[in-house]
Amino acid sequence: DTGVSQNPRHKITKRGQNVTFRCDPISEHNRLYWYRQTLGQGPEFLTYFQNEAQLEKSRLLSDRFSAERPKGSFSTLEIQRTEQGDSAMYLCASATERQYRTEAFFGQGTRLTVV
Amino acid sequence: KQEVTQIPAALSVPEGENLVLNCSFTDSAIYNLQWFRQDPGKGLTSLLLIQSSQREQTSGRLNASLDKSSGRSTLYIAASQPGDSATYLCAVKSSGSARQLTFGSGTQLTVLP
């Protein structure tokens, strides 16, 4: 197992274009999270999946953002009509509960630049 | 709403020094607290996880403590090395229905050779 994998690592797009990011969690992890991180700040929660069900969404997740996790495996995060304010690092994390411990493991992130 | 604060925002120390990073949180009803390391432009690496029932965890030169009642955690790094230079993030998982981690803004550590 190689940990949480995110693709692409970097994405440059023009304002108004749509982008999609992919996250492959650790294989036995049923919980998957998306976070967004801007320069000098800690990550901010966007959304959470347990298996294929999207159980929680942040107010940060505007209607231009959509996330899916078909079959409870990999997840995609799509941003439609990108804006310059969407430029950030998008981080994916996965977790599972073992002996009442839930430790989150993060991927390397996808850095989005909207020009 | 849970808020997490990390002080200082930046710290520079000479190699070999022992140091302490601080984290405070506003809501003591937490499930666990996790310390992460982040290198520039990279993702987060989990360092230590402390369950709410625990008071400390140790891994190598790192020791993290948790005082839930006062809403504080510290990360102690012994005998610092230049390779420890990174941003250290504290994150709290609150009890209740919420599942996400709430992060502080991090402490940027530079260990000078």
# chains A, B, ... in the order shown; residues from 1 in each chain; ligands from 1
call {"tool": "select_by_dssp", "arguments": {"residues": "region 18-99 of chain A", "states": "strand (DSSP E)", "output": "ChimeraX atom specification"}}
result
/A:19-24,31-37,44-50,53-57,65-68,75-79,88-95,97-98
call {"tool": "interface_residues", "arguments": {"of": "chain A", "to": "chain B", "cutoff": "12 Å", "atoms": "only C-alpha atoms", "output": "VMD selection string"}}
result
chain A and resid 3 to 6 9 to 10 31 to 50 54 to 58 88 to 97 99 to 112
call {"tool": "residues_around", "arguments": {"residues": "region 17-22 of chain B", "least_positions_apart": "4", "cutoff": "8 Å", "atoms": "only C-alpha atoms", "output": "list in words"}}
result
Gln6, Ile7, Pro8, Val13, Arg72, Ser73, Thr74, Leu75, Tyr76, Ile77, Ala78, Ala79, Ser80 and Thr107 of chain B
call {"tool": "residues_around", "arguments": {"residues": "Ser85 (chain B)", "least_positions_apart": "5", "cutoff": "7 Å", "atoms": "only C-alpha atoms", "output": "JSON, numbers by chain"}}
result
{"B": [109, 110, 111]}
call {"tool": "write_last_selection", "arguments": {"atoms": "C-alpha atoms", "output": "mmCIF file, in the first residue's frame"}}
result
data_model
loop_
_atom_site.group_PDB
_atom_site.id
_atom_site.type_symbol
_atom_site.label_atom_id
_atom_site.label_comp_id
_atom_site.auth_asym_id
_atom_site.auth_seq_id
_atom_site.Cartn_x
_atom_site.Cartn_y
_atom_site.Cartn_z
ATOM 1 C CA LEU B 109 10.148 25.852 12.137
ATOM 2 C CA THR B 110 13.648 26.538 10.866
ATOM 3 C CA VAL B 111 16.553 24.663 12.443
#
call {"tool": "atom_distance", "arguments": {"atom1": "CA of Glu52 (chain A)", "atom2": "CA of Ser95 (chain B)"}}
result
22.5 Å
call {"tool": "atom_distance", "arguments": {"atom1": "CA of Arg15 (chain A)", "atom2": "CA of Thr82 (chain A)"}}
result
5.2 Å
call {"tool": "select_by_dssp", "arguments": {"residues": "region 11-91 of chain A", "states": "helix (DSSP H, G or I)", "output": "list of chain:residue names"}}
result
A:Pro70, A:Lys71, A:Gly72, A:Gln84, A:Gly85, A:Asp86
call {"tool": "residues_around", "arguments": {"residues": "region 67-78 of chain A", "least_positions_apart": "6", "cutoff": "6 Å", "atoms": "only C-alpha atoms", "output": "CSV table (one decimal) with all heavy atoms, in the first residue's frame"}}
result
chain,number,residue,atom,x,y,z
A,19,VAL,N,-12.3,22.0,-13.8
A,19,VAL,CA,-11.2,21.1,-13.5
A,19,VAL,C,-11.7,20.0,-12.6
A,19,VAL,O,-12.7,20.1,-11.9
A,19,VAL,CB,-10.1,21.8,-12.7
A,19,VAL,CG1,-9.4,22.8,-13.6
A,19,VAL,CG2,-10.6,22.5,-11.5
A,20,THR,N,-11.1,18.8,-12.7
A,20,THR,CA,-11.4,17.6,-11.9
A,20,THR,C,-10.1,17.1,-11.3
A,20,THR,O,-9.2,16.9,-12.0
A,20,THR,CB,-12.1,16.6,-12.7
A,20,THR,OG1,-13.3,17.1,-13.3
A,20,THR,CG2,-12.5,15.4,-11.9
A,21,PHE,N,-10.2,16.8,-10.0
A,21,PHE,CA,-9.1,16.1,-9.3
A,21,PHE,C,-9.5,14.8,-8.9
A,21,PHE,O,-10.7,14.5,-8.5
A,21,PHE,CB,-8.7,17.0,-8.1
A,21,PHE,CG,-8.5,18.4,-8.3
A,21,PHE,CD1,-8.9,19.4,-7.4
A,21,PHE,CD2,-7.9,18.9,-9.5
A,21,PHE,CE1,-8.7,20.7,-7.6
A,21,PHE,CE2,-7.7,20.2,-9.7
A,21,PHE,CZ,-8.1,21.1,-8.8
A,22,ARG,N,-8.5,13.9,-8.7
A,22,ARG,CA,-8.8,12.5,-8.3
A,22,ARG,C,-8.0,12.2,-7.0
A,22,ARG,O,-6.9,12.6,-6.9
A,22,ARG,CB,-8.5,11.5,-9.4
A,22,ARG,CG,-8.7,10.1,-9.0
A,22,ARG,CD,-8.3,9.1,-10.1
A,22,ARG,NE,-8.3,7.7,-9.6
A,22,ARG,CZ,-9.0,6.7,-10.1
A,22,ARG,NH1,-9.8,7.0,-11.2
A,22,ARG,NH2,-9.0,5.5,-9.7
A,23,CYS,N,-8.7,11.4,-6.2
A,23,CYS,CA,-8.0,10.9,-5.0
A,23,CYS,C,-8.2,9.4,-4.8
A,23,CYS,O,-9.4,8.9,-4.9
A,23,CYS,CB,-8.6,11.6,-3.7
A,23,CYS,SG,-8.0,10.9,-2.1
A,24,ASP,N,-7.2,8.7,-4.7
A,24,ASP,CA,-7.2,7.2,-4.4
A,24,ASP,C,-6.8,7.0,-2.9
A,24,ASP,O,-5.7,7.2,-2.6
A,24,ASP,CB,-6.3,6.5,-5.3
A,24,ASP,CG,-6.9,6.4,-6.7
A,24,ASP,OD1,-7.7,5.5,-7.0
A,24,ASP,OD2,-6.6,7.3,-7.5
A,51,ASN,N,-17.8,5.5,3.0
A,51,ASN,CA,-18.0,4.7,1.9
A,51,ASN,C,-18.4,5.6,0.7
A,51,ASN,O,-17.7,6.5,0.4
A,51,ASN,CB,-19.0,3.6,2.2
A,51,ASN,CG,-18.5,2.7,3.4
A,51,ASN,OD1,-17.4,2.2,3.3
A,51,ASN,ND2,-19.3,2.6,4.4
A,52,GLU,N,-19.6,5.3,0.1
A,52,GLU,CA,-19.9,6.1,-1.1
A,52,GLU,C,-20.9,7.3,-0.7
A,52,GLU,O,-21.2,8.1,-1.6
A,52,GLU,CB,-20.6,5.2,-2.2
A,52,GLU,CG,-22.0,4.7,-1.7
A,52,GLU,CD,-21.8,3.4,-1.0
A,52,GLU,OE1,-20.7,3.0,-0.6
A,52,GLU,OE2,-22.9,2.7,-0.8
call {"tool": "closest_residue", "arguments": {"among": "A:Asp86, A:Arg81, A:Asn7, A:Val115", "to": "Leu60 (chain A)", "atoms": "only C-alpha atoms"}}
result
A:Asp86
call {"tool": "atom_distance", "arguments": {"atom1": "CA of Ser52 (chain B)", "atom2": "CA of Lys1 (chain B)"}}
result
18.1 Å
